[in-house]
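Report on the structure given below.
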Amino acid sequence: MASRSHRRPPHRRRSVLVPLIALSAVALLVALVVALRPGAEPDTVRAAAEPSTSSPASATPTPTAPKATGSPKPKPSAKTPSPARTTTRPPARPSPVASPRPAPRAVSGSAPLAGRIKPGTTYKGVATHYDAADGDGACLYGPSPDLMVAAMNTTDYETSKACGAYIVVRAANGASVTVRVTNECPLPCAPGQLDLSKEAFAKLAGLSAGRIPVTWSLLSPSTSEKVSIRYKTGSSRHWCAVQALGHRNPLARLEVSTGSGWRALTRTEYNYFLSPDGTGCGGALRLTDIYGEQLTVEGIAVRPDAVQPTRVQFARH
């Protein structure tokens, strides 16, 4: 009988379990309702899926690929400017450009300082020939490089005014040759007559012809040569004779600087300009051609017999 009094009645254990089961069911139901509510995933899940917009960027980038629309434009290289700068931005400093040289001063085509030989005029005469040797003559230029030279009759030579003139000579058969006056042909050479070197005469006719009718006219040729200056033997600061060589057009005047102006020197028959008292010897020179163009030359020392080049030349006509 004693052993039966210590056993719990079956209906009391069941009464305790029922409330516990009920409470557990309610809690589970509430949890399911919360979990299944739209947009109600836990904050820890949302933070892992979406980066925060308010927190600073991490120093170590995430391994996910960047979006195409969010990629920054690359900076233009310092060595290769962007196309916009290349086409619209001017250089910081313009490239140096050499200053253009002034064009030769326009001169009159009438050649107001010409002597007997004038441009634009055709002269008639005869041509003969002589042995010109090295091409030197009364003009005292020295040897000629091509022997295309001529001796002018005394009348047209005009006390060496014709020296250095370029002449185009034409024969009746249509042949022509260009020569430079370097010598004088004394009488019996008549006005209009040219005594040509054998080499020049042969361009017009056979040497056996001896004498042929010709026409000739003054020429202002193309040349790359510059004018040169030479002082005659014996020149000094007290006496000098000055000569110009290589001038394109016939020379009309040579002047020396006196400090207060220009003084024209007298031209001799041997084609030097003479300063008997030494005025202007070694100083600045001014050359004028038959067209009136003037060239000023400085820095030419008195050095007898030395050919001293300049950087100037008369304009072509």
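Residues in the structure tokens are named by chain (A, B, ... in the order shown) and by number from 1 within that chain; ligands are numbered from 1 in the order shown.
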Counting only C-alpha atoms, what is within 12 Å of region 262-265 of chain A, bar same-chain residues fewer than 5 positions away, as a list of chain:residue names?
->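 Neighbouring residues, sequence-local ones excluded: A:Cys240, A:Ala241, A:Val242, A:Gln243, A:Ala252, A:Arg253, A:Leu254, A:Glu255, A:Val256, A:Ser257, A:Asn271, A:Tyr272, A:Phe273, A:Leu274, A:Ser275, A:Pro276, A:Asp277, A:Gly278, A:Thr279, A:Gly280, A:Cys281, A:Gly283, A:Ala284, A:Leu285, A:Arg286, A:Leu287, A:Thr288, A:Thr296.
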Within 10 Å of Leu218 (chain A) using only C-alpha atoms, minus same-chain residues under 3 positions, as a VMD selection string | chain A and resid 117 to 123 165 to 169 178 180 221 249 to 250
Long-range neighbours of Ala175 (chain A) as a list in words, 12 Å cut-off, only C-alpha atoms, 4 positions minimum in chain =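 After dropping sequence-adjacent residues, the list is Val168, Val169, Arg170, Ala171, Ala200, Phe201, Ala202, Lys203, Leu204, Ala205, Gly206, Ile212, Pro213, Val214, Thr215 and Trp216 of chain A.
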Just write the chosen residues, C-alpha atoms, as a compact mmCIF listing (two decimals), in the first residue's frame.
```txt
# COMPACT_ATOMS: atom_id res chain seq x y z
CA VAL A 168 73.46 90.05 -125.04
CA VAL A 169 74.74 89.88 -128.64
CA ARG A 170 72.64 88.49 -131.51
CA ALA A 171 73.77 87.48 -134.97
CA ALA A 200 82.36 84.19 -127.46
CA PHE A 201 82.57 84.88 -131.20
CA ALA A 202 82.49 81.14 -131.90
CA LYS A 203 78.99 81.02 -130.34
CA LEU A 204 77.77 83.23 -133.21
CA ALA A 205 79.81 82.16 -136.24
CA GLY A 206 83.00 80.47 -137.33
CA ILE A 212 79.77 89.88 -138.80
CA PRO A 213 76.84 92.27 -138.36
CA VAL A 214 75.19 92.05 -134.92
CA THR A 215 72.67 93.75 -132.68
CA TRP A 216 73.22 94.01 -128.93
```
Picked from region 131-300 of chain A by DSSP as strand (DSSP E), as a ChimeraX atom specification = /A:149-153,166-171,176-185,194-197,212-219,228-231,240-245,251-257,262-264,266-267,273-275,285-289,294-297
